[in-house]
Amino acid sequence: MADVNRGNRPLSPHLQIYRPQLTSITSILTRITGAGLLVGALLVVWWLLAASTGEGYFEMADAVLTSFIGDVVMFLSLWALWYHTFAGVRHLIWDTGRGFDIPTATKLGWAVIIGSVLATLFTVVVI
Amino acid sequence: MRYLTDRKRAVGMGAAHSGTEHFWGMTVSAVALLILVPLFVFTFGPMLGKPHAEVVAYFGRPFPAIVAGLTLWVGFMHFKNGIRVAIEDYTHGINRKIFIIGATCLSYAAAATGLFALARIAL
């Protein structure tokens, strides 16, 4: 393959030199938030298991989830949950064949970012 | 003797040889979670940090318990199928198989643990 003449065709840009764009960042964040949500989900399951076990165990688990680090993890999980939700809506829109042109994709990207931040702040205020 | 022609066996299967089952499963669970996630956030959220008796009484009620159970089950199945695509994108060979089996087992175990906890609180 090495001596094949590839001509003057453009090469696919490698990830490290690829200029980050709104569409690429919002896309990879969908996957990162989806995978990262495992942490928050396992913590919630553990919290429920502790609640079903007894008061002593629950107080320990609840103290972990409402500690400073627990608060940070749960806050980030909440944002990740809203981000993944809004990004999922974007995918459902794309799945119908709509919104693939760059201006619309950019608008949807901003909608996902702004929507997830507003939903997170709203949730924190309400809860 | 197979009466199916090669063409008939290939139609609808695509490059993954499995058709659109995975894609459709993710679509259905995504739409379900679109309803479940807000319900879960605003039922589970206020209970975080509350006394044990109040939490147990709250999740003993039908609505919060069913919402939590459905969200955990559908959520972990959505995770199982979604993370599989990510694993397939980044790993190869035996590692790919180990990661997929591990993620699948973890998803079922976590979902089952959540449902067990909710059942024990309710009973």
# chains A, B, ... in the order shown; residues from 1 in each chain; ligands from 1

call {"tool": "interface_residues", "arguments": {"of": "chain B", "to": "chain A", "cutoff": "6 Å", "atoms": "only C-alpha atoms", "output": "list in words"}}
result
Pro46, Gly49, His52, Gly114, Ala117, Arg120 and Ile121 of chain B

call {"tool": "atom_distance", "arguments": {"atom1": "CA of Leu106 in chain B", "atom2": "CA of Met26 in chain B"}}
result
18.3 Å

call {"tool": "atom_distance", "arguments": {"atom1": "CA of Tyr83 in chain A", "atom2": "CA of Ile113 in chain A"}}
result
6.9 Å

call {"tool": "residues_around", "arguments": {"residues": "range 54-67 of chain B", "least_positions_apart": "3", "cutoff": "7 Å", "atoms": "only C-alpha atoms", "output": "count of residues only"}}
result
13

call {"tool": "select_by_dssp", "arguments": {"residues": "chain A", "states": "helix (DSSP H, G or I)", "output": "ChimeraX atom specification"}}
result
/A:15-17,22-53,55-65,68-95,102-126

call {"tool": "atom_distance", "arguments": {"atom1": "CA of Gly115 in chain A", "atom2": "CA of His84 in chain A"}}
result
10.8 Å

call {"tool": "residues_around", "arguments": {"residues": "Val85 in chain B", "least_positions_apart": "3", "cutoff": "12 Å", "atoms": "only C-alpha atoms", "output": "NGL selection string"}}
result
(:A and (31 or 34-35)) or (:B and (16 or 22-23 or 26 or 78-82 or 88-91 or 96 or 99-100 or 103))

call {"tool": "decode", "arguments": {"residues": "range 23-112 of chain A", "atoms": "C-alpha atoms", "output": "mmCIF file, in the first residue's frame"}}
result
data_model
loop_
_atom_site.group_PDB
_atom_site.id
_atom_site.type_symbol
_atom_site.label_atom_id
_atom_site.label_comp_id
_atom_site.auth_asym_id
_atom_site.auth_seq_id
_atom_site.Cartn_x
_atom_site.Cartn_y
_atom_site.Cartn_z
ATOM 1 C CA THR A 23 -20.751 20.684 16.100
ATOM 2 C CA SER A 24 -17.811 18.378 16.881
ATOM 3 C CA ILE A 25 -17.614 19.431 20.549
ATOM 4 C CA THR A 26 -21.361 19.068 21.156
ATOM 5 C CA SER A 27 -21.242 15.684 19.429
ATOM 6 C CA ILE A 28 -18.425 14.198 21.526
ATOM 7 C CA LEU A 29 -19.969 15.691 24.695
ATOM 8 C CA THR A 30 -23.079 13.603 24.001
ATOM 9 C CA ARG A 31 -20.997 10.440 24.259
ATOM 10 C CA ILE A 32 -18.935 11.680 27.238
ATOM 11 C CA THR A 33 -22.028 12.677 29.239
ATOM 12 C CA GLY A 34 -23.745 9.391 28.376
ATOM 13 C CA ALA A 35 -20.797 7.332 29.609
ATOM 14 C CA GLY A 36 -20.192 9.605 32.612
ATOM 15 C CA LEU A 37 -23.793 9.267 33.767
ATOM 16 C CA LEU A 38 -22.895 5.731 34.905
ATOM 17 C CA VAL A 39 -21.226 7.275 37.992
ATOM 18 C CA GLY A 40 -24.301 9.225 39.078
ATOM 19 C CA ALA A 41 -26.628 6.319 38.240
ATOM 20 C CA LEU A 42 -24.609 3.861 40.349
ATOM 21 C CA LEU A 43 -24.564 6.355 43.243
ATOM 22 C CA VAL A 44 -28.374 6.671 43.052
ATOM 23 C CA VAL A 45 -28.764 2.867 43.031
ATOM 24 C CA TRP A 46 -26.454 2.600 46.041
ATOM 25 C CA TRP A 47 -28.431 5.347 47.830
ATOM 26 C CA LEU A 48 -31.712 3.468 47.193
ATOM 27 C CA LEU A 49 -30.190 0.169 48.336
ATOM 28 C CA ALA A 50 -28.992 1.866 51.530
ATOM 29 C CA ALA A 51 -32.459 3.351 52.099
ATOM 30 C CA SER A 52 -33.993 -0.114 51.773
ATOM 31 C CA THR A 53 -31.413 -1.654 54.137
ATOM 32 C CA GLY A 54 -31.812 0.532 57.205
ATOM 33 C CA GLU A 55 -31.452 3.919 58.820
ATOM 34 C CA GLY A 56 -27.767 3.608 59.745
ATOM 35 C CA TYR A 57 -26.625 2.555 56.267
ATOM 36 C CA PHE A 58 -28.866 5.185 54.638
ATOM 37 C CA GLU A 59 -27.407 8.003 56.728
ATOM 38 C CA MET A 60 -23.913 6.973 55.655
ATOM 39 C CA ALA A 61 -24.840 6.813 51.937
ATOM 40 C CA ASP A 62 -26.850 10.040 52.144
ATOM 41 C CA ALA A 63 -23.911 11.777 53.841
ATOM 42 C CA VAL A 64 -21.622 10.681 50.977
ATOM 43 C CA LEU A 65 -24.039 11.921 48.279
ATOM 44 C CA THR A 66 -24.641 15.252 50.050
ATOM 45 C CA SER A 67 -20.993 15.845 51.017
ATOM 46 C CA PHE A 68 -19.035 18.504 49.114
ATOM 47 C CA ILE A 69 -17.612 15.978 46.644
ATOM 48 C CA GLY A 70 -21.009 14.249 46.463
ATOM 49 C CA ASP A 71 -22.670 17.579 45.682
ATOM 50 C CA VAL A 72 -20.157 18.275 42.904
ATOM 51 C CA VAL A 73 -20.663 14.788 41.413
ATOM 52 C CA MET A 74 -24.461 15.038 41.613
ATOM 53 C CA PHE A 75 -24.426 18.583 40.138
ATOM 54 C CA LEU A 76 -22.259 17.459 37.225
ATOM 55 C CA SER A 77 -24.447 14.365 36.786
ATOM 56 C CA LEU A 78 -27.526 16.585 36.684
ATOM 57 C CA TRP A 79 -25.985 18.758 33.978
ATOM 58 C CA ALA A 80 -24.813 15.641 32.100
ATOM 59 C CA LEU A 81 -28.344 14.216 32.325
ATOM 60 C CA TRP A 82 -29.926 17.381 30.885
ATOM 61 C CA TYR A 83 -27.188 17.749 28.272
ATOM 62 C CA HIS A 84 -27.603 14.134 27.138
ATOM 63 C CA THR A 85 -31.389 14.598 27.096
ATOM 64 C CA PHE A 86 -31.271 17.725 24.923
ATOM 65 C CA ALA A 87 -28.596 16.179 22.688
ATOM 66 C CA GLY A 88 -30.838 13.124 22.376
ATOM 67 C CA VAL A 89 -33.681 15.334 21.167
ATOM 68 C CA ARG A 90 -31.281 16.755 18.595
ATOM 69 C CA HIS A 91 -30.526 13.227 17.412
ATOM 70 C CA LEU A 92 -34.241 12.418 17.223
ATOM 71 C CA ILE A 93 -34.681 15.510 15.024
ATOM 72 C CA TRP A 94 -31.728 14.460 12.845
ATOM 73 C CA ASP A 95 -33.158 10.936 12.606
ATOM 74 C CA THR A 96 -36.158 12.371 10.759
ATOM 75 C CA GLY A 97 -33.755 13.744 8.130
ATOM 76 C CA ARG A 98 -34.134 17.371 9.213
ATOM 77 C CA GLY A 99 -31.628 19.969 10.411
ATOM 78 C CA PHE A 100 -28.446 18.741 8.710
ATOM 79 C CA ASP A 101 -27.450 22.061 7.117
ATOM 80 C CA ILE A 102 -24.649 23.851 8.996
ATOM 81 C CA PRO A 103 -26.608 26.929 10.227
ATOM 82 C CA THR A 104 -29.351 24.707 11.688
ATOM 83 C CA ALA A 105 -26.842 22.240 13.179
ATOM 84 C CA THR A 106 -25.030 25.167 14.840
ATOM 85 C CA LYS A 107 -28.294 26.576 16.199
ATOM 86 C CA LEU A 108 -29.248 23.152 17.566
ATOM 87 C CA GLY A 109 -25.778 22.904 19.164
ATOM 88 C CA TRP A 110 -26.246 26.210 20.986
ATOM 89 C CA ALA A 111 -29.774 25.148 21.955
ATOM 90 C CA VAL A 112 -28.359 21.987 23.562
#
